[in-house]
Structures are given as C-alpha cells and as structure tokens.
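Reproduced below: start_13.cif, with mmCIF, N, CA and C atoms.
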data_work
loop_
_atom_site.label_atom_id
_atom_site.label_comp_id
_atom_site.auth_asym_id
_atom_site.auth_seq_id
_atom_site.Cartn_x
_atom_site.Cartn_y
_atom_site.Cartn_z
N MET A 1 -59.49 42.25 -8.55
CA MET A 1 -59.67 41.11 -7.67
C MET A 1 -60.47 41.50 -6.42
N ILE A 2 -60.20 42.70 -5.90
CA ILE A 2 -60.91 43.13 -4.69
C ILE A 2 -62.40 43.28 -4.99
N GLY A 3 -62.70 43.94 -6.11
CA GLY A 3 -64.10 44.14 -6.47
C GLY A 3 -64.83 42.83 -6.69
N HIS A 4 -64.15 41.85 -7.23
CA HIS A 4 -64.77 40.54 -7.51
C HIS A 4 -65.00 39.74 -6.23
N SER A 5 -63.98 39.70 -5.35
CA SER A 5 -64.08 38.87 -4.14
C SER A 5 -64.85 39.55 -3.01
N GLY A 6 -64.78 40.89 -2.95
CA GLY A 6 -65.42 41.62 -1.87
C GLY A 6 -64.59 41.70 -0.61
N TYR A 7 -63.32 41.24 -0.68
CA TYR A 7 -62.43 41.25 0.48
C TYR A 7 -61.04 41.73 0.07
N PHE A 8 -60.29 42.26 1.05
CA PHE A 8 -58.88 42.58 0.83
C PHE A 8 -58.16 42.50 2.17
N GLY A 9 -56.83 42.39 2.10
CA GLY A 9 -56.03 42.32 3.31
C GLY A 9 -54.95 43.37 3.31
N ILE A 10 -54.55 43.79 4.50
CA ILE A 10 -53.48 44.76 4.67
C ILE A 10 -52.47 44.15 5.64
N SER A 11 -51.21 44.09 5.20
CA SER A 11 -50.11 43.63 6.05
C SER A 11 -49.15 44.79 6.26
N VAL A 12 -48.93 45.19 7.51
CA VAL A 12 -47.93 46.20 7.83
C VAL A 12 -46.63 45.44 8.07
N LEU A 13 -45.66 45.61 7.17
CA LEU A 13 -44.42 44.86 7.24
C LEU A 13 -43.56 45.31 8.42
N ASN A 14 -42.71 44.39 8.91
CA ASN A 14 -41.79 44.77 9.99
C ASN A 14 -40.51 45.32 9.41
N GLU A 15 -39.69 45.90 10.25
CA GLU A 15 -38.49 46.61 9.82
C GLU A 15 -37.47 45.73 9.09
N HIS A 16 -37.63 44.42 9.16
CA HIS A 16 -36.70 43.50 8.50
C HIS A 16 -37.25 42.94 7.19
N GLN A 17 -38.38 43.46 6.72
CA GLN A 17 -39.03 42.93 5.52
C GLN A 17 -38.90 43.86 4.31
N GLN A 18 -37.80 44.57 4.22
CA GLN A 18 -37.58 45.50 3.11
C GLN A 18 -37.59 44.79 1.75
N GLU A 19 -37.03 43.60 1.69
CA GLU A 19 -37.00 42.85 0.43
C GLU A 19 -38.41 42.53 -0.06
N ILE A 20 -39.31 42.20 0.85
CA ILE A 20 -40.70 41.94 0.48
C ILE A 20 -41.35 43.22 0.00
N SER A 21 -41.10 44.33 0.67
CA SER A 21 -41.62 45.62 0.23
C SER A 21 -41.16 45.93 -1.19
N ASN A 22 -39.88 45.73 -1.45
CA ASN A 22 -39.35 46.00 -2.78
C ASN A 22 -40.01 45.12 -3.84
N LEU A 23 -40.33 43.89 -3.49
CA LEU A 23 -40.98 42.97 -4.41
C LEU A 23 -42.35 43.51 -4.86
N PHE A 24 -43.10 44.10 -3.93
CA PHE A 24 -44.44 44.59 -4.24
C PHE A 24 -44.45 46.00 -4.83
N THR A 25 -43.38 46.76 -4.66
CA THR A 25 -43.34 48.12 -5.19
C THR A 25 -42.70 48.21 -6.56
N GLY A 26 -42.12 47.11 -7.01
CA GLY A 26 -41.48 47.12 -8.33
C GLY A 26 -40.00 47.39 -8.28
N PHE A 27 -39.42 47.57 -7.08
CA PHE A 27 -37.98 47.79 -6.97
C PHE A 27 -37.21 46.47 -7.01
N GLY A 28 -37.88 45.37 -6.72
CA GLY A 28 -37.23 44.07 -6.69
C GLY A 28 -37.38 43.35 -8.02
N LYS A 29 -37.27 42.03 -7.94
CA LYS A 29 -37.42 41.19 -9.13
C LYS A 29 -38.83 41.32 -9.68
N CYS A 30 -38.97 41.21 -10.98
CA CYS A 30 -40.28 41.24 -11.62
C CYS A 30 -40.84 39.81 -11.62
N ILE A 31 -41.79 39.55 -10.75
CA ILE A 31 -42.39 38.22 -10.60
C ILE A 31 -43.89 38.36 -10.82
N GLN A 32 -44.44 37.50 -11.67
CA GLN A 32 -45.86 37.57 -12.00
C GLN A 32 -46.75 37.38 -10.76
N ASP A 33 -46.52 36.29 -10.01
CA ASP A 33 -47.31 36.02 -8.81
C ASP A 33 -46.42 36.24 -7.59
N ARG A 34 -46.43 37.43 -7.07
CA ARG A 34 -45.55 37.78 -5.94
C ARG A 34 -45.83 36.96 -4.70
N PHE A 35 -47.09 36.58 -4.51
CA PHE A 35 -47.43 35.79 -3.33
C PHE A 35 -46.86 34.39 -3.38
N SER A 36 -46.43 33.92 -4.55
CA SER A 36 -45.88 32.56 -4.66
C SER A 36 -44.48 32.45 -4.07
N VAL A 37 -43.80 33.56 -3.85
CA VAL A 37 -42.42 33.52 -3.36
C VAL A 37 -42.27 34.02 -1.91
N ILE A 38 -43.39 34.26 -1.24
CA ILE A 38 -43.33 34.70 0.16
C ILE A 38 -44.25 33.83 1.02
N ASP A 39 -44.02 33.84 2.32
CA ASP A 39 -44.86 33.08 3.25
C ASP A 39 -46.09 33.90 3.60
N THR A 40 -47.26 33.27 3.44
CA THR A 40 -48.52 33.94 3.74
C THR A 40 -49.36 33.07 4.67
N PHE A 41 -50.41 33.67 5.19
CA PHE A 41 -51.41 32.96 5.98
C PHE A 41 -52.74 33.64 5.75
N THR A 42 -53.81 33.07 6.22
CA THR A 42 -55.13 33.67 6.06
C THR A 42 -55.81 33.79 7.42
N MET A 43 -56.80 34.68 7.46
CA MET A 43 -57.62 34.83 8.65
C MET A 43 -59.04 34.39 8.29
N GLU A 44 -60.00 35.25 8.53
CA GLU A 44 -61.41 34.90 8.34
C GLU A 44 -61.83 34.81 6.87
N SER A 45 -61.41 35.74 6.02
CA SER A 45 -61.91 35.81 4.64
C SER A 45 -61.16 34.92 3.66
N GLY A 46 -59.95 34.50 4.03
CA GLY A 46 -59.15 33.69 3.12
C GLY A 46 -58.20 34.47 2.23
N VAL A 47 -58.16 35.80 2.35
CA VAL A 47 -57.21 36.58 1.55
C VAL A 47 -55.80 36.38 2.11
N PRO A 48 -54.78 36.40 1.26
CA PRO A 48 -53.42 36.18 1.76
C PRO A 48 -52.89 37.39 2.52
N LEU A 49 -52.28 37.12 3.66
CA LEU A 49 -51.62 38.14 4.47
C LEU A 49 -50.17 37.70 4.63
N ILE A 50 -49.24 38.64 4.73
CA ILE A 50 -47.82 38.35 4.75
C ILE A 50 -47.36 38.03 6.17
N LYS A 51 -46.80 36.82 6.33
CA LYS A 51 -46.30 36.39 7.64
C LYS A 51 -45.18 37.30 8.12
N GLY A 52 -45.11 37.47 9.43
CA GLY A 52 -44.03 38.23 10.04
C GLY A 52 -44.28 39.71 10.17
N GLY A 53 -45.41 40.19 9.68
CA GLY A 53 -45.70 41.62 9.75
C GLY A 53 -46.00 42.08 11.16
N VAL A 54 -45.99 43.40 11.32
CA VAL A 54 -46.32 44.00 12.61
C VAL A 54 -47.81 43.91 12.88
N SER A 55 -48.61 44.07 11.83
CA SER A 55 -50.05 44.07 11.97
C SER A 55 -50.69 43.54 10.69
N HIS A 56 -51.88 42.96 10.84
CA HIS A 56 -52.62 42.44 9.70
C HIS A 56 -54.10 42.80 9.87
N LEU A 57 -54.70 43.26 8.79
CA LEU A 57 -56.12 43.58 8.78
C LEU A 57 -56.80 42.79 7.67
N ASP A 58 -57.80 42.03 8.01
CA ASP A 58 -58.61 41.27 7.07
C ASP A 58 -59.91 42.05 6.90
N CYS A 59 -60.17 42.53 5.70
CA CYS A 59 -61.27 43.49 5.49
C CYS A 59 -62.30 43.02 4.47
N ARG A 60 -63.56 43.34 4.75
CA ARG A 60 -64.66 43.15 3.82
C ARG A 60 -64.94 44.52 3.19
N VAL A 61 -65.17 44.53 1.88
CA VAL A 61 -65.46 45.79 1.20
C VAL A 61 -66.78 46.34 1.72
N TYR A 62 -66.74 47.54 2.25
CA TYR A 62 -67.91 48.24 2.76
C TYR A 62 -68.48 49.17 1.70
N ASP A 63 -67.60 49.84 0.97
CA ASP A 63 -68.01 50.77 -0.08
C ASP A 63 -66.84 50.94 -1.04
N ARG A 64 -67.13 51.50 -2.19
CA ARG A 64 -66.10 51.80 -3.17
C ARG A 64 -66.38 53.15 -3.80
N CYS A 65 -65.33 53.90 -4.06
CA CYS A 65 -65.45 55.22 -4.67
C CYS A 65 -64.74 55.18 -6.02
N GLU A 66 -65.49 55.38 -7.08
CA GLU A 66 -64.92 55.40 -8.43
C GLU A 66 -64.32 56.77 -8.69
N LEU A 67 -63.05 56.80 -9.04
CA LEU A 67 -62.34 58.02 -9.39
C LEU A 67 -61.97 57.94 -10.87
N PRO A 68 -61.54 59.03 -11.47
CA PRO A 68 -61.24 59.00 -12.91
C PRO A 68 -60.23 57.92 -13.31
N ASN A 69 -59.18 57.71 -12.52
CA ASN A 69 -58.15 56.75 -12.90
C ASN A 69 -57.96 55.60 -11.91
N SER A 70 -58.82 55.50 -10.92
CA SER A 70 -58.65 54.45 -9.93
C SER A 70 -59.94 54.24 -9.15
N VAL A 71 -59.90 53.27 -8.24
CA VAL A 71 -61.02 52.98 -7.36
C VAL A 71 -60.48 52.93 -5.93
N VAL A 72 -61.17 53.59 -5.01
CA VAL A 72 -60.80 53.54 -3.59
C VAL A 72 -61.79 52.62 -2.90
N PHE A 73 -61.27 51.60 -2.23
CA PHE A 73 -62.12 50.67 -1.49
C PHE A 73 -62.10 51.04 -0.02
N ILE A 74 -63.29 51.11 0.59
CA ILE A 74 -63.44 51.35 2.02
C ILE A 74 -63.75 49.99 2.63
N GLY A 75 -62.98 49.62 3.67
CA GLY A 75 -63.15 48.29 4.24
C GLY A 75 -63.65 48.30 5.66
N GLU A 76 -64.35 47.23 6.00
CA GLU A 76 -64.75 46.94 7.37
C GLU A 76 -63.83 45.82 7.86
N VAL A 77 -63.12 46.04 8.94
CA VAL A 77 -62.19 45.04 9.44
C VAL A 77 -62.98 43.90 10.08
N VAL A 78 -62.76 42.66 9.58
CA VAL A 78 -63.45 41.49 10.12
C VAL A 78 -62.54 40.67 11.02
N ALA A 79 -61.22 40.87 10.89
CA ALA A 79 -60.26 40.19 11.77
C ALA A 79 -58.95 40.97 11.70
N GLY A 80 -58.14 40.86 12.73
CA GLY A 80 -56.86 41.55 12.74
C GLY A 80 -55.98 41.08 13.86
N ASP A 81 -54.70 41.44 13.74
CA ASP A 81 -53.76 41.15 14.81
C ASP A 81 -52.68 42.21 14.84
N PHE A 82 -51.91 42.20 15.94
CA PHE A 82 -50.87 43.21 16.15
C PHE A 82 -49.76 42.60 16.99
N ASN A 83 -48.51 42.80 16.58
CA ASN A 83 -47.34 42.32 17.33
C ASN A 83 -46.62 43.54 17.87
N GLU A 84 -46.79 43.83 19.13
CA GLU A 84 -46.19 45.05 19.69
C GLU A 84 -44.70 44.91 19.93
N LYS A 85 -44.11 43.74 19.70
CA LYS A 85 -42.67 43.57 19.87
C LYS A 85 -41.90 43.85 18.59
N SER A 86 -42.59 44.15 17.50
CA SER A 86 -41.95 44.47 16.22
C SER A 86 -42.10 45.94 15.91
N SER A 87 -41.16 46.45 15.13
CA SER A 87 -41.26 47.83 14.65
C SER A 87 -41.64 47.80 13.18
N PRO A 88 -42.44 48.76 12.74
CA PRO A 88 -42.88 48.76 11.34
C PRO A 88 -41.79 49.19 10.37
N LEU A 89 -41.89 48.70 9.15
CA LEU A 89 -41.02 49.15 8.07
C LEU A 89 -41.58 50.49 7.59
N LEU A 90 -40.75 51.51 7.58
CA LEU A 90 -41.18 52.84 7.18
C LEU A 90 -40.51 53.25 5.87
N TYR A 91 -41.28 53.87 5.00
CA TYR A 91 -40.75 54.39 3.75
C TYR A 91 -41.02 55.88 3.74
N PHE A 92 -39.95 56.68 3.62
CA PHE A 92 -40.10 58.13 3.70
C PHE A 92 -39.08 58.78 2.77
N ASN A 93 -39.53 59.73 1.99
CA ASN A 93 -38.66 60.52 1.13
C ASN A 93 -37.78 59.63 0.22
N ARG A 94 -38.43 58.66 -0.40
CA ARG A 94 -37.79 57.74 -1.35
C ARG A 94 -36.73 56.84 -0.75
N ASP A 95 -36.85 56.56 0.55
CA ASP A 95 -35.90 55.67 1.20
C ASP A 95 -36.58 55.05 2.43
N TYR A 96 -36.01 53.98 2.91
CA TYR A 96 -36.51 53.35 4.13
C TYR A 96 -35.94 54.10 5.34
N ALA A 97 -36.73 54.16 6.39
CA ALA A 97 -36.33 54.89 7.60
C ALA A 97 -36.62 54.02 8.81
N GLU A 98 -36.05 54.41 9.94
CA GLU A 98 -36.28 53.70 11.18
C GLU A 98 -37.13 54.55 12.10
N LEU A 99 -37.93 53.89 12.88
CA LEU A 99 -38.76 54.56 13.87
C LEU A 99 -37.91 54.81 15.11
N CYS A 100 -37.88 56.03 15.57
CA CYS A 100 -37.12 56.35 16.79
C CYS A 100 -37.89 55.82 17.99
N GLN A 101 -37.17 55.15 18.87
CA GLN A 101 -37.79 54.64 20.09
C GLN A 101 -37.73 55.70 21.17
N PRO A 102 -38.82 55.92 21.91
CA PRO A 102 -38.79 56.93 22.96
C PRO A 102 -37.85 56.52 24.09
N LEU A 103 -37.26 57.51 24.74
CA LEU A 103 -36.42 57.24 25.90
C LEU A 103 -37.30 56.78 27.05
N LYS A 104 -36.80 55.84 27.81
CA LYS A 104 -37.57 55.36 28.96
C LYS A 104 -37.48 56.39 30.08
N SER A 105 -38.61 56.62 30.72
CA SER A 105 -38.62 57.52 31.86
C SER A 105 -38.09 56.78 33.09
N GLU A 106 -37.84 57.51 34.14
CA GLU A 106 -37.34 56.89 35.37
C GLU A 106 -38.33 55.87 35.92
N THR A 107 -39.62 56.13 35.78
CA THR A 107 -40.62 55.19 36.29
C THR A 107 -40.67 53.95 35.41
N ASP A 108 -40.42 54.06 34.09
CA ASP A 108 -40.40 52.91 33.19
C ASP A 108 -39.17 52.05 33.43
N ALA A 109 -38.06 52.66 33.80
CA ALA A 109 -36.79 51.95 33.96
C ALA A 109 -36.89 50.92 35.09
N GLY A 110 -37.70 51.16 36.08
CA GLY A 110 -37.82 50.24 37.21
C GLY A 110 -38.75 49.08 36.94
N THR A 111 -39.46 49.08 35.83
CA THR A 111 -40.41 48.00 35.56
C THR A 111 -39.87 47.00 34.60
#
Could you quickly redo this structure as structure tokens?
Amino acid sequence: MIGHSGYFGISVLNEHQQEISNLFTGFGKCIQDRFSVIDTFTMESGVPLIKGGVSHLDCRVYDRCELPNSVVFIGEVVAGDFNEKSSPLLYFNRDYAELCQPLKSETDAGT
C-alpha cells in the first residue's frame, strides 16, 4: 500500500493505548481491517493516523531500499504534531514499560 500510494503515517501511541498496540502487533483480536475498529484522523496526505497518540508524522515516500525479504521506506515528513502532555507507550524486553519522569529541580518547583 505504501509503494502504491507514495505516503505513510506514523502514530506514536500514548501510555494508555496498549490495547491498540496489541491489535496491530497480533497480540489482540485478529481483525482484517484494524483501522475499522479504532478512531483515526488524517492530515495532509489522507493516510489514517491513530487519534490520541503522543505524536503523528504524515510522510511522503522519499526513497525505498529493497532488501532480500522486505522493503525499507524513507519518508519526508509533510505534516506532524506532538502532545507534550502525554507519555509514550513503550515496549521493551517483550513487555510494556513506563517512562520514568525526571525529578523536578528546585528552580522548576517554583514555576
């Protein structure tokens, strides 16, 4: 689909979207059209992006690298957003993890 359309999107899920992550990784229910059961939106290119994420990148294919068993697409970001009030969903060592928040310094505590 990426090669045909020339566009792709990246959604960085927030820490509360583990169920959506499981849906796309195969740990959840087996659904043919995964995008039909989640809330999405579009930016400039019209590719679906997952609502509620920490960040979204709408990309145009800049180049592609053919490998023996796969294709790597290099993208140029044409639109994007970022929600600094959310924490990302992290997957590490076959499990979900939390991002440690830094301690506030004395100068930060007064602001």
Can you turn the PyMOL selection byres ((chain A and resi 86) around 8) into a concrete residue list for this file, as a PyMOL selection string? chain A and resi 13-15+53-55+82-85+87-89
Would you put the residues from that selection into a file with N, CA and C atoms, as an mmCIF file, in the frame of the given file?
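So the final result, stored in part.cif, reads:
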data_model
loop_
_atom_site.group_PDB
_atom_site.id
_atom_site.type_symbol
_atom_site.label_atom_id
_atom_site.label_comp_id
_atom_site.auth_asym_id
_atom_site.auth_seq_id
_atom_site.Cartn_x
_atom_site.Cartn_y
_atom_site.Cartn_z
ATOM 1 N N LEU A 13 -45.660 45.610 7.170
ATOM 2 C CA LEU A 13 -44.420 44.860 7.240
ATOM 3 C C LEU A 13 -43.560 45.310 8.420
ATOM 4 N N ASN A 14 -42.710 44.390 8.910
ATOM 5 C CA ASN A 14 -41.790 44.770 9.990
ATOM 6 C C ASN A 14 -40.510 45.320 9.410
ATOM 7 N N GLU A 15 -39.690 45.900 10.250
ATOM 8 C CA GLU A 15 -38.490 46.610 9.820
ATOM 9 C C GLU A 15 -37.470 45.730 9.090
ATOM 10 N N GLY A 53 -45.410 40.190 9.680
ATOM 11 C CA GLY A 53 -45.700 41.620 9.750
ATOM 12 C C GLY A 53 -46.000 42.080 11.160
ATOM 13 N N VAL A 54 -45.990 43.400 11.320
ATOM 14 C CA VAL A 54 -46.320 44.000 12.610
ATOM 15 C C VAL A 54 -47.810 43.910 12.880
ATOM 16 N N SER A 55 -48.610 44.070 11.830
ATOM 17 C CA SER A 55 -50.050 44.070 11.970
ATOM 18 C C SER A 55 -50.690 43.540 10.690
ATOM 19 N N PHE A 82 -51.910 42.200 15.940
ATOM 20 C CA PHE A 82 -50.870 43.210 16.150
ATOM 21 C C PHE A 82 -49.760 42.600 16.990
ATOM 22 N N ASN A 83 -48.510 42.800 16.580
ATOM 23 C CA ASN A 83 -47.340 42.320 17.330
ATOM 24 C C ASN A 83 -46.620 43.540 17.870
ATOM 25 N N GLU A 84 -46.790 43.830 19.130
ATOM 26 C CA GLU A 84 -46.190 45.050 19.690
ATOM 27 C C GLU A 84 -44.700 44.910 19.930
ATOM 28 N N LYS A 85 -44.110 43.740 19.700
ATOM 29 C CA LYS A 85 -42.670 43.570 19.870
ATOM 30 C C LYS A 85 -41.900 43.850 18.590
ATOM 31 N N SER A 87 -41.160 46.450 15.130
ATOM 32 C CA SER A 87 -41.260 47.830 14.650
ATOM 33 C C SER A 87 -41.640 47.800 13.180
ATOM 34 N N PRO A 88 -42.440 48.760 12.740
ATOM 35 C CA PRO A 88 -42.880 48.760 11.340
ATOM 36 C C PRO A 88 -41.790 49.190 10.370
ATOM 37 N N LEU A 89 -41.890 48.700 9.150
ATOM 38 C CA LEU A 89 -41.020 49.150 8.070
ATOM 39 C C LEU A 89 -41.580 50.490 7.590
#
If you apply the PyMOL selection byres ((chain A and resi 7) around 7) to this file, what residues do you get, as a VMD selection string? chain A and resid 1 to 6 8 to 9 45 47 58 to 61
So that I can check the secondary structure, give me every residue of region 12-67 of chain A assigned strand (DSSP E) by backbone DSSP, as a PyMOL selection string. chain A and resi 12+40-41+49-50+55-66
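Taking only C-alpha atoms into account, Ser11 (chain A) lies nearest to A:Ile50 out of the set A:Val72, A:Leu90, A:Ala79, A:Ile50.
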Would you list the contacts of Lys51 (chain A) as a PyMOL selection string, taking every protein, DNA or RNA residue within 6.5 Å and counting all atoms listed in the file, but skipping same-chain residues closer than 3 positions in sequence? chain A and resi 39-41
Could you check which of A:Gly52, A:Asp33, A:Ile74, A:Gly46 is closest to Gln17 (chain A), using all atoms listed in the file?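 So, comparing all the options, the nearest one is A:Gly52.
Considering the residues A:Glu19, A:Gly26, A:Asp81, A:Arg94 and counting all atoms listed in the file, His56 (chain A) has its shortest atom-to-atom contact with A:Asp81.
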What does the distance from CA of Ile20 (chain A) to CA of Ile38 (chain A) come to in Å, to one decimal?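 Distance between the two atoms: 7.7 Å.
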Atom C of Glu76 (chain A) to CA of Tyr62 (chain A), distance in Å rounded to a single decimal: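 Answer for the atom C of Glu76 (chain A) to CA of Tyr62 (chain A) separation: 7.0 Å.
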Straight-line distance linking atom N of Arg64 (chain A) with atom C of Ile10 (chain A), stated in Å to one decimal: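 Computed distance, atom N of Arg64 (chain A) to atom C of Ile10 (chain A), equals 18.2 Å.
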Where does DSSP see helix (DSSP H, G or I) in chain A, if you list the residues as a PyMOL selection string? chain A and resi 2-5+18-25+34-37+106-109
If you take every atom of region 80-97 of chain A that the file lists and fit an axis-aligned box around them with 4 Å extra on each side, what centre and edge lengths come out in Å to one decimal, as lines of an AutoDock Vina configuration file?
center_x = -47.0
center_y = 50.7
center_z = 9.3
size_x = 30.2
size_y = 27.7
size_z = 29.3
